[in-house]
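*Asks:* Please read through the structure below; I'll follow up with questions.
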Amino acid sequence: MDRRIEDEARLGGAGWLKGLSMIGAFLTLLWFLSAGEEPHWPVPDSPAKALFQSMTLEQPKVGDHALRIISPTVLELHRINTKSAGSPVDSWNFVNASGDLNAPDSSRMVVSVNGQTVAVTAVGFKRRALYAPLKVRDLRIGNALYLDLATPLQEGAQVKVTNPSASLWPATMEFAAVKNPLRYSPAIHVNQEGYLPGLAKKAQVGFYLGSLGEMDIPLADGFSLIDAHRGEVVFTGKFKRRADVGFVLQPRPYQEVYEADFTSFSSPGHYLLRVPGLGVSLPFRIDEGAAMNFTRTYALGLYHQRSGAPNEMPFTRFTHRGGHMEPAAVPVNDTEFSFTWSVVASEANKTNSNNPPQIAPPLTRPENQLYPFINTGPIDVSGGHHDAGDYSKYTTNSAALVHYLIFSVDSLPGVADLDNLGLPESGDGISDILQLAKWEADFLAKMQDADGGFYFLVYPRERRYESNVLPDAGDPQVVWPKTTAATAAAVGALAEIGSSPRFIAAYPEEAAHYRAVARKGWDFLMAAIAKHGKAGAYQKISHYGDNFTHDDELAWAAAAMFVATGDPAIHATLQEWYEPSDPATRRWGWWRANGGWGNALR
């Protein structure tokens, strides 16, 4: 590991501020987190290592298998299998086409503990897709048989599970393990990035046993923190039950979840969280650098999503030229742009049962647009960031990114001073976070039509996803029609960044431009609502920004515009549109800061 770090550092070249390559940064961060040492805890040397040692990037292979001792009375037999297209799974096919489980009878398996047979009282099953790449079929499925034992296992017990008939697995496939008190437990969930000494430090404990439901957690002895290098107990505590709420499923999930709170422990170091009977968590750090590690990695992730710019060394080894530089077309008709309108129509026809029925005509053809295109194109929509794994750029998502970044700059201590995240802009005396937000806001401002409305997104002209090309070989693009939800989100984001004190100080001309664009968008919204009514002004395209029709985005726009202008008329509109205590603004009955509502609150 040390040699690889040195090699990658040489690749990176020009120093911390300007020269971190992606892989160099990643390896350096790993080194920082571990302080160059491995924690002293057992890691099995077997096929189980790929399955259960979550610190490795190694992908489990079909055929990998292992026995894991989940609790003193629960064993997990884990096996990776696969299936061909149109065929059943190649092994452990315990679920029929209707989804009914036919778990193997316990009599087909023998559990041996220190050479003595232990009875199995129940058998459960869980199956999950582990890996399924898009272009080449390589499906890997994680299967788990759960055996509930009649007699609890003691520490140090040597456990082996066999099936004498070899009908469940071949005789060459061994399931054996030792109940080590420091074995890794998948039931203990810590923040692997680490914790800051002065902030909250909590872990969750709970585990789902498939058809057997949620596992009972041994609570009597509480939990402890163990120094990962010395093996000493440094903190002990009790559990607090944290049953989830809001679900309408029966039985309700996440009811046997417990919180381990060790906020009062603040000594920097490398630790494991232990629950007697279950084992230990993955190792984690308590360190002032934990937040910086995350921030730098997040910033480099955004760098890789940049649209309209190259990815270059020394900032990454995944290089490509700038892509999607050509102007985008405007789909003014459904003859020349038949594919675009067919997709828009299919998305517009998908209803959201949580929303009231749409009053406006469905946006299924150009003639139904409440807000026809003014600019007929082509238009420059370069810049911004690609969305997730595709090259589309959604206005509501772009606006949300601007909000999160600017809120962090204006509200979280120290963020505005970060100028060392390993980006091309690092070291120039201006906050990297501000510059990430500016990169997105510059694109967002380009998405405004001449009447003030904002296009819904930028999308490939003739297919849904550009999944097989680098950005510099990307497809011709189009913008989609304007909506009030997209417009309100853009208004909120541009008003926020345009009125940010730190952004104004760094970029006064750009801030004024954003405020002007936001004002024009706000006027568009007021005119739309005056003409069609608030409910009638909304036309749905897809699920983006559709959780509360456009109501939450409108509240966000009003809140941001009031902050930007101090206009009492906008404040009155905000009060008319948003009452935070109203349960109707909560998603799933409990999430009171969802979507635009949360942005308005912040």
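In the structure tokens, chains take letters A, B, ... by order of appearance, with residues numbered from 1 within each chain and ligands from 1 in the order shown.
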Near A:Asp138, counting only C-alpha atoms, which residues have an atom at most 12 Å away, once you skip same-chain residues fewer than 3 positions from it, shown as a list in words?
*Replies:*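 Listed by chain and then number, they are Gln59, Pro60, Lys61, Val62, Asn81, Thr82, Lys83, Ser84, Ala85, Ala129, Leu130, Tyr131, Ala132, Pro133, Leu134, Lys135 and Ile141 of chain A.
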*Asks:* Just want the 12 Å neighbourhood of A:Arg586, counted on only C-alpha atoms, with same-chain residues fewer than 2 positions away dropped. Output as a PDB file with N, CA, C and O atoms, in the first residue's frame.
*Replies:*
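In the end it all went to result_36.pdb:
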```pdb
ATOM      1  N   GLY A 246     -43.617   5.890   9.919  1.00  0.00           N
ATOM      2  CA  GLY A 246     -44.060   6.387   8.628  1.00  0.00           C
ATOM      3  C   GLY A 246     -44.369   5.323   7.607  1.00  0.00           C
ATOM      4  O   GLY A 246     -44.995   5.610   6.579  1.00  0.00           O
ATOM      5  N   ASN A 354     -50.036  10.440  -4.925  1.00  0.00           N
ATOM      6  CA  ASN A 354     -50.027  11.317  -3.756  1.00  0.00           C
ATOM      7  C   ASN A 354     -50.415  12.747  -4.102  1.00  0.00           C
ATOM      8  O   ASN A 354     -50.638  13.560  -3.207  1.00  0.00           O
ATOM      9  N   ASN A 547     -43.138  15.593  -6.205  1.00  0.00           N
ATOM     10  CA  ASN A 547     -43.680  15.030  -4.969  1.00  0.00           C
ATOM     11  C   ASN A 547     -44.851  15.829  -4.421  1.00  0.00           C
ATOM     12  O   ASN A 547     -45.776  15.277  -3.829  1.00  0.00           O
ATOM     13  N   PHE A 548     -44.841  17.150  -4.590  1.00  0.00           N
ATOM     14  CA  PHE A 548     -45.928  18.017  -4.129  1.00  0.00           C
ATOM     15  C   PHE A 548     -46.364  18.930  -5.277  1.00  0.00           C
ATOM     16  O   PHE A 548     -46.582  20.111  -5.070  1.00  0.00           O
ATOM     17  N   ASP A 552     -43.885  22.884  -3.377  1.00  0.00           N
ATOM     18  CA  ASP A 552     -42.690  23.044  -2.546  1.00  0.00           C
ATOM     19  C   ASP A 552     -41.638  23.890  -3.254  1.00  0.00           C
ATOM     20  O   ASP A 552     -40.949  24.699  -2.623  1.00  0.00           O
ATOM     21  N   TYR A 578     -46.758  28.693   2.289  1.00  0.00           N
ATOM     22  CA  TYR A 578     -46.017  27.713   3.093  1.00  0.00           C
ATOM     23  C   TYR A 578     -46.225  27.944   4.574  1.00  0.00           C
ATOM     24  O   TYR A 578     -45.893  29.011   5.109  1.00  0.00           O
ATOM     25  N   GLU A 579     -46.751  26.915   5.230  1.00  0.00           N
ATOM     26  CA  GLU A 579     -46.851  26.871   6.677  1.00  0.00           C
ATOM     27  C   GLU A 579     -46.104  25.618   7.137  1.00  0.00           C
ATOM     28  O   GLU A 579     -46.612  24.499   6.976  1.00  0.00           O
ATOM     29  N   PRO A 580     -44.895  25.766   7.691  1.00  0.00           N
ATOM     30  CA  PRO A 580     -44.076  24.584   8.012  1.00  0.00           C
ATOM     31  C   PRO A 580     -44.735  23.588   8.955  1.00  0.00           C
ATOM     32  O   PRO A 580     -44.396  22.406   8.927  1.00  0.00           O
ATOM     33  N   SER A 581     -45.672  24.051   9.773  1.00  0.00           N
ATOM     34  CA  SER A 581     -46.313  23.114  10.709  1.00  0.00           C
ATOM     35  C   SER A 581     -47.435  22.315  10.068  1.00  0.00           C
ATOM     36  O   SER A 581     -47.982  21.407  10.693  1.00  0.00           O
ATOM     37  N   ASP A 582     -47.771  22.625   8.820  1.00  0.00           N
ATOM     38  CA  ASP A 582     -48.860  21.918   8.144  1.00  0.00           C
ATOM     39  C   ASP A 582     -48.414  20.491   7.802  1.00  0.00           C
ATOM     40  O   ASP A 582     -47.449  20.301   7.053  1.00  0.00           O
ATOM     41  N   PRO A 583     -49.101  19.467   8.314  1.00  0.00           N
ATOM     42  CA  PRO A 583     -48.698  18.082   8.000  1.00  0.00           C
ATOM     43  C   PRO A 583     -48.715  17.765   6.508  1.00  0.00           C
ATOM     44  O   PRO A 583     -48.031  16.845   6.060  1.00  0.00           O
ATOM     45  N   ALA A 584     -49.468  18.520   5.720  1.00  0.00           N
ATOM     46  CA  ALA A 584     -49.542  18.257   4.283  1.00  0.00           C
ATOM     47  C   ALA A 584     -48.228  18.535   3.572  1.00  0.00           C
ATOM     48  O   ALA A 584     -48.031  18.106   2.435  1.00  0.00           O
ATOM     49  N   TRP A 588     -44.458  11.262   3.475  1.00  0.00           N
ATOM     50  CA  TRP A 588     -44.641  10.029   4.243  1.00  0.00           C
ATOM     51  C   TRP A 588     -45.132  10.310   5.660  1.00  0.00           C
ATOM     52  O   TRP A 588     -44.994   9.475   6.552  1.00  0.00           O
ATOM     53  N   GLY A 589     -45.693  11.479   5.880  1.00  0.00           N
ATOM     54  CA  GLY A 589     -46.254  11.800   7.172  1.00  0.00           C
ATOM     55  C   GLY A 589     -45.272  12.283   8.212  1.00  0.00           C
ATOM     56  O   GLY A 589     -45.683  12.735   9.278  1.00  0.00           O
ATOM     57  N   TRP A 590     -43.957  12.227   7.932  1.00  0.00           N
ATOM     58  CA  TRP A 590     -42.991  12.608   8.968  1.00  0.00           C
ATOM     59  C   TRP A 590     -41.826  13.432   8.434  1.00  0.00           C
ATOM     60  O   TRP A 590     -41.181  14.160   9.189  1.00  0.00           O
ATOM     61  N   TRP A 591     -41.532  13.358   7.148  1.00  0.00           N
ATOM     62  CA  TRP A 591     -40.353  14.058   6.616  1.00  0.00           C
ATOM     63  C   TRP A 591     -40.748  15.504   6.307  1.00  0.00           C
ATOM     64  O   TRP A 591     -41.291  15.809   5.260  1.00  0.00           O
ATOM     65  N   ARG A 592     -40.455  16.416   7.237  1.00  0.00           N
ATOM     66  CA  ARG A 592     -40.932  17.783   7.112  1.00  0.00           C
ATOM     67  C   ARG A 592     -39.980  18.678   6.329  1.00  0.00           C
ATOM     68  O   ARG A 592     -40.260  19.867   6.133  1.00  0.00           O
ATOM     69  N   ALA A 593     -38.861  18.171   5.873  1.00  0.00           N
ATOM     70  CA  ALA A 593     -37.904  18.992   5.136  1.00  0.00           C
ATOM     71  C   ALA A 593     -37.599  18.374   3.781  1.00  0.00           C
ATOM     72  O   ALA A 593     -36.480  18.448   3.292  1.00  0.00           O
ATOM     73  N   ASN A 594     -38.610  17.776   3.151  1.00  0.00           N
ATOM     74  CA  ASN A 594     -38.410  17.101   1.873  1.00  0.00           C
ATOM     75  C   ASN A 594     -38.423  18.100   0.725  1.00  0.00           C
ATOM     76  O   ASN A 594     -39.240  19.015   0.694  1.00  0.00           O
ATOM     77  N   GLY A 595     -37.544  17.909  -0.249  1.00  0.00           N
ATOM     78  CA  GLY A 595     -37.566  18.679  -1.482  1.00  0.00           C
ATOM     79  C   GLY A 595     -37.494  20.172  -1.256  1.00  0.00           C
ATOM     80  O   GLY A 595     -36.731  20.686  -0.441  1.00  0.00           O
ATOM     81  N   GLY A 596     -38.326  20.902  -1.992  1.00  0.00           N
ATOM     82  CA  GLY A 596     -38.322  22.358  -1.894  1.00  0.00           C
ATOM     83  C   GLY A 596     -38.733  22.879  -0.542  1.00  0.00           C
ATOM     84  O   GLY A 596     -38.306  23.969  -0.133  1.00  0.00           O
ATOM     85  N   TRP A 597     -39.558  22.102   0.203  1.00  0.00           N
ATOM     86  CA  TRP A 597     -39.909  22.533   1.564  1.00  0.00           C
ATOM     87  C   TRP A 597     -38.649  22.673   2.420  1.00  0.00           C
ATOM     88  O   TRP A 597     -38.492  23.659   3.150  1.00  0.00           O
ATOM     89  N   GLY A 598     -37.775  21.686   2.338  1.00  0.00           N
ATOM     90  CA  GLY A 598     -36.545  21.748   3.134  1.00  0.00           C
ATOM     91  C   GLY A 598     -35.650  22.894   2.711  1.00  0.00           C
ATOM     92  O   GLY A 598     -35.040  23.565   3.555  1.00  0.00           O
TER      93      GLY A 598
END
```
*Asks:* Find the residues around stretch 454-466 of chain A up to 6 Å (only C-alpha atoms counted), leave out those fewer than 4 positions away in its own chain, and share them as a ChimeraX atom specification.
*Replies:* /A:339,392-395,447-449,475-482,486-487
*Asks:* Go ahead and write the selection's residues with N, CA, C and O atoms as a PDB file, in the first residue's frame.
*Replies:*
```
ATOM      1  N   PHE A 339     -39.047  11.540 -31.361  1.00  0.00           N
ATOM      2  CA  PHE A 339     -38.577  10.756 -30.219  1.00  0.00           C
ATOM      3  C   PHE A 339     -38.714  11.552 -28.927  1.00  0.00           C
ATOM      4  O   PHE A 339     -39.211  11.038 -27.914  1.00  0.00           O
ATOM      5  N   SER A 392     -27.476  13.503 -18.879  1.00  0.00           N
ATOM      6  CA  SER A 392     -28.585  14.448 -18.826  1.00  0.00           C
ATOM      7  C   SER A 392     -28.355  15.443 -17.690  1.00  0.00           C
ATOM      8  O   SER A 392     -27.609  15.178 -16.747  1.00  0.00           O
ATOM      9  N   LYS A 393     -29.027  16.592 -17.805  1.00  0.00           N
ATOM     10  CA  LYS A 393     -28.898  17.626 -16.776  1.00  0.00           C
ATOM     11  C   LYS A 393     -30.301  18.125 -16.440  1.00  0.00           C
ATOM     12  O   LYS A 393     -30.958  18.763 -17.242  1.00  0.00           O
ATOM     13  N   TYR A 394     -30.759  17.770 -15.226  1.00  0.00           N
ATOM     14  CA  TYR A 394     -32.113  18.079 -14.774  1.00  0.00           C
ATOM     15  C   TYR A 394     -32.105  19.400 -14.016  1.00  0.00           C
ATOM     16  O   TYR A 394     -31.341  19.579 -13.058  1.00  0.00           O
ATOM     17  N   THR A 395     -32.976  20.305 -14.385  1.00  0.00           N
ATOM     18  CA  THR A 395     -32.984  21.634 -13.768  1.00  0.00           C
ATOM     19  C   THR A 395     -33.229  21.564 -12.268  1.00  0.00           C
ATOM     20  O   THR A 395     -32.566  22.245 -11.494  1.00  0.00           O
ATOM     21  N   MET A 447     -30.478  28.014 -18.884  1.00  0.00           N
ATOM     22  CA  MET A 447     -31.678  27.201 -19.136  1.00  0.00           C
ATOM     23  C   MET A 447     -32.959  28.033 -19.166  1.00  0.00           C
ATOM     24  O   MET A 447     -34.061  27.482 -19.205  1.00  0.00           O
ATOM     25  N   GLN A 448     -32.841  29.359 -19.168  1.00  0.00           N
ATOM     26  CA  GLN A 448     -34.012  30.230 -19.150  1.00  0.00           C
ATOM     27  C   GLN A 448     -34.411  30.640 -20.556  1.00  0.00           C
ATOM     28  O   GLN A 448     -33.588  31.098 -21.352  1.00  0.00           O
ATOM     29  N   ASP A 449     -35.682  30.490 -20.872  1.00  0.00           N
ATOM     30  CA  ASP A 449     -36.220  30.939 -22.149  1.00  0.00           C
ATOM     31  C   ASP A 449     -36.466  32.453 -22.079  1.00  0.00           C
ATOM     32  O   ASP A 449     -36.394  33.075 -21.002  1.00  0.00           O
ATOM     33  N   ASP A 475     -24.000  12.445 -27.551  1.00  0.00           N
ATOM     34  CA  ASP A 475     -25.055  12.631 -28.544  1.00  0.00           C
ATOM     35  C   ASP A 475     -25.415  14.107 -28.719  1.00  0.00           C
ATOM     36  O   ASP A 475     -25.221  14.921 -27.807  1.00  0.00           O
ATOM     37  N   PRO A 476     -26.024  14.451 -29.850  1.00  0.00           N
ATOM     38  CA  PRO A 476     -26.718  15.733 -29.962  1.00  0.00           C
ATOM     39  C   PRO A 476     -27.811  15.798 -28.889  1.00  0.00           C
ATOM     40  O   PRO A 476     -28.430  14.791 -28.553  1.00  0.00           O
ATOM     41  N   GLN A 477     -28.067  17.019 -28.375  1.00  0.00           N
ATOM     42  CA  GLN A 477     -28.980  17.157 -27.254  1.00  0.00           C
ATOM     43  C   GLN A 477     -30.131  18.095 -27.575  1.00  0.00           C
ATOM     44  O   GLN A 477     -30.066  18.906 -28.502  1.00  0.00           O
ATOM     45  N   VAL A 478     -31.187  17.962 -26.769  1.00  0.00           N
ATOM     46  CA  VAL A 478     -32.337  18.860 -26.850  1.00  0.00           C
ATOM     47  C   VAL A 478     -32.669  19.323 -25.438  1.00  0.00           C
ATOM     48  O   VAL A 478     -32.256  18.704 -24.444  1.00  0.00           O
ATOM     49  N   VAL A 479     -33.402  20.418 -25.354  1.00  0.00           N
ATOM     50  CA  VAL A 479     -34.014  20.796 -24.080  1.00  0.00           C
ATOM     51  C   VAL A 479     -35.459  20.318 -24.105  1.00  0.00           C
ATOM     52  O   VAL A 479     -36.056  20.141 -25.174  1.00  0.00           O
ATOM     53  N   TRP A 480     -36.011  20.106 -22.940  1.00  0.00           N
ATOM     54  CA  TRP A 480     -37.416  19.715 -22.831  1.00  0.00           C
ATOM     55  C   TRP A 480     -38.261  20.939 -22.457  1.00  0.00           C
ATOM     56  O   TRP A 480     -37.721  21.968 -22.027  1.00  0.00           O
ATOM     57  N   PRO A 481     -39.571  20.846 -22.558  1.00  0.00           N
ATOM     58  CA  PRO A 481     -40.433  22.013 -22.314  1.00  0.00           C
ATOM     59  C   PRO A 481     -40.253  22.623 -20.930  1.00  0.00           C
ATOM     60  O   PRO A 481     -39.731  21.998 -19.998  1.00  0.00           O
ATOM     61  N   LYS A 482     -40.744  23.848 -20.810  1.00  0.00           N
ATOM     62  CA  LYS A 482     -40.685  24.576 -19.542  1.00  0.00           C
ATOM     63  C   LYS A 482     -41.791  24.086 -18.604  1.00  0.00           C
ATOM     64  O   LYS A 482     -42.881  23.724 -19.052  1.00  0.00           O
ATOM     65  N   ALA A 486     -39.727  23.335 -12.521  1.00  0.00           N
ATOM     66  CA  ALA A 486     -38.335  23.575 -12.887  1.00  0.00           C
ATOM     67  C   ALA A 486     -38.003  25.051 -12.747  1.00  0.00           C
ATOM     68  O   ALA A 486     -36.924  25.425 -12.255  1.00  0.00           O
ATOM     69  N   THR A 487     -38.906  25.923 -13.168  1.00  0.00           N
ATOM     70  CA  THR A 487     -38.658  27.363 -13.078  1.00  0.00           C
ATOM     71  C   THR A 487     -38.525  27.810 -11.630  1.00  0.00           C
ATOM     72  O   THR A 487     -37.610  28.561 -11.278  1.00  0.00           O
TER      73      THR A 487
END
```
*Asks:* Write out as a PyMOL selection string each polymer residue whose atoms come within 8 Å of stretch 95-107 of chain A, counting only C-alpha atoms; drop sequence neighbours fewer than 5 positions from it.
*Replies:* chain A and resi 120-125
*Asks:* Could those residues be written to a file, using C-alpha atoms, as a compact mmCIF listing (two decimals), in the first residue's frame?
*Replies:*
```txt
# COMPACT_ATOMS: atom_id res chain seq x y z
CA VAL A 120 -32.04 -26.09 14.25
CA THR A 121 -35.44 -24.66 15.19
CA ALA A 122 -36.14 -22.54 12.09
CA VAL A 123 -34.77 -21.88 8.61
CA GLY A 124 -35.04 -18.54 6.81
CA PHE A 125 -33.92 -17.23 3.43
```
*Asks:* Just checking: using only C-alpha atoms, which residue out of A:Leu209, A:Val161, A:Ala493, A:Ala530 ends up closest to A:Phe175?
*Replies:*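 The closest residue to A:Phe175 is A:Val161.
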*Asks:* Measuring between only C-alpha atoms, which one of A:Ile286, A:Leu77, A:Ala512, A:Ile570 shows the shortest distance to A:Ser267?
*Replies:*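 So, comparing all the options, the nearest one is A:Ile286.
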*Asks:* Excluding same-chain residues fewer than 6 positions from A:Ala299, what lies within 12 Å of it counting only C-alpha atoms, as a ChimeraX atom specification?
*Replies:* /A:20,22,25,292-293,305-306,315,385,405,418-426,431-437
*Asks:* As a ChimeraX atom specification, please: all residues of stretch 207-331 of chain A that backbone DSSP puts in strand (DSSP E).
*Replies:* /A:223-227,233-237,239-241,258-261,269-275,279-280,284-286
*Asks:* For A:Pro164, please output as a ChimeraX atom specification all residues within 9 Å (counting only C-alpha atoms; exclusion window: fewer than 2 positions along the same chain).
*Replies:* /A:108-110,162,166-167,171
*Asks:* Atoms to include: N, CA, C and O atoms. Write the selected residues as an mmCIF file, in the first residue's frame.
*Replies:*
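Result file follows (selection-v6.cif):
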```
data_model
loop_
_atom_site.group_PDB
_atom_site.id
_atom_site.type_symbol
_atom_site.label_atom_id
_atom_site.label_comp_id
_atom_site.auth_asym_id
_atom_site.auth_seq_id
_atom_site.Cartn_x
_atom_site.Cartn_y
_atom_site.Cartn_z
ATOM 1 N N ARG A 108 -32.335 -31.417 6.515
ATOM 2 C CA ARG A 108 -31.377 -31.619 5.437
ATOM 3 C C ARG A 108 -30.003 -31.060 5.784
ATOM 4 O O ARG A 108 -29.052 -31.232 5.019
ATOM 5 N N MET A 109 -29.890 -30.378 6.931
ATOM 6 C CA MET A 109 -28.616 -29.779 7.345
ATOM 7 C C MET A 109 -28.251 -30.239 8.743
ATOM 8 O O MET A 109 -29.129 -30.487 9.576
ATOM 9 N N VAL A 110 -26.965 -30.352 8.993
ATOM 10 C CA VAL A 110 -26.460 -30.727 10.308
ATOM 11 C C VAL A 110 -25.520 -29.628 10.787
ATOM 12 O O VAL A 110 -24.549 -29.277 10.110
ATOM 13 N N THR A 162 -23.132 -28.907 7.568
ATOM 14 C CA THR A 162 -23.038 -29.829 6.426
ATOM 15 C C THR A 162 -24.436 -30.214 5.963
ATOM 16 O O THR A 162 -25.424 -30.035 6.687
ATOM 17 N N ALA A 166 -25.775 -33.841 0.209
ATOM 18 C CA ALA A 166 -25.158 -32.987 -0.821
ATOM 19 C C ALA A 166 -26.201 -32.430 -1.788
ATOM 20 O O ALA A 166 -25.873 -32.055 -2.915
ATOM 21 N N SER A 167 -27.439 -32.339 -1.362
ATOM 22 C CA SER A 167 -28.503 -31.822 -2.229
ATOM 23 C C SER A 167 -28.597 -30.297 -2.191
ATOM 24 O O SER A 167 -29.153 -29.693 -3.116
ATOM 25 N N ALA A 171 -20.302 -31.433 -1.713
ATOM 26 C CA ALA A 171 -19.483 -31.801 -0.556
ATOM 27 C C ALA A 171 -18.192 -31.003 -0.503
ATOM 28 O O ALA A 171 -17.607 -30.829 0.577
#
```
*Asks:* What's the separation between atom CA of A:Ala488 and atom CA of A:Thr396, in Å to one decimal place?
*Replies:*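 Here the two named atoms are 8.7 Å from each other.
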*Asks:* Which residue out of A:Pro366, A:Asp410, A:Gly231, A:Asn375 has the minimum interatomic distance to A:Thr335 when only C-alpha atoms are used?
*Replies:*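 Residue with the minimum atom-to-atom distance to A:Thr335: A:Pro366.
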*Asks:* Based on the backbone DSSP call, show me all residues of stretch 228-461 of chain A assigned helix (DSSP H, G or I), as a PyMOL selection string.
*Replies:* chain A and resi 290-304+338-348+366-368+395-411+415-417+432-446
*Asks:* Name all residues at most 10 Å from A:Asn333 (count only C-alpha atoms; drop same-chain ones fewer than 6 positions away) and give them as a PyMOL selection string.
*Replies:* chain A and resi 340-341+365-367
*Asks:* When you draw a straight line from atom CA of A:Asn599 to atom CA of A:Pro501, how long is it in Å?
*Replies:*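 A separation of 17.9 Å between them.
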*Asks:* Which is closest to A:Glu155 among A:His532, A:Arg252, A:Lys179, A:Lys202, if we use only C-alpha atoms?
*Replies:* A:Lys179
*Asks:* Go through A:Ala328, A:Leu273, A:Ala66, A:Leu139 and flag the residue nearest A:Glu174, using only C-alpha atoms for the distances.
*Replies:* A:Ala66
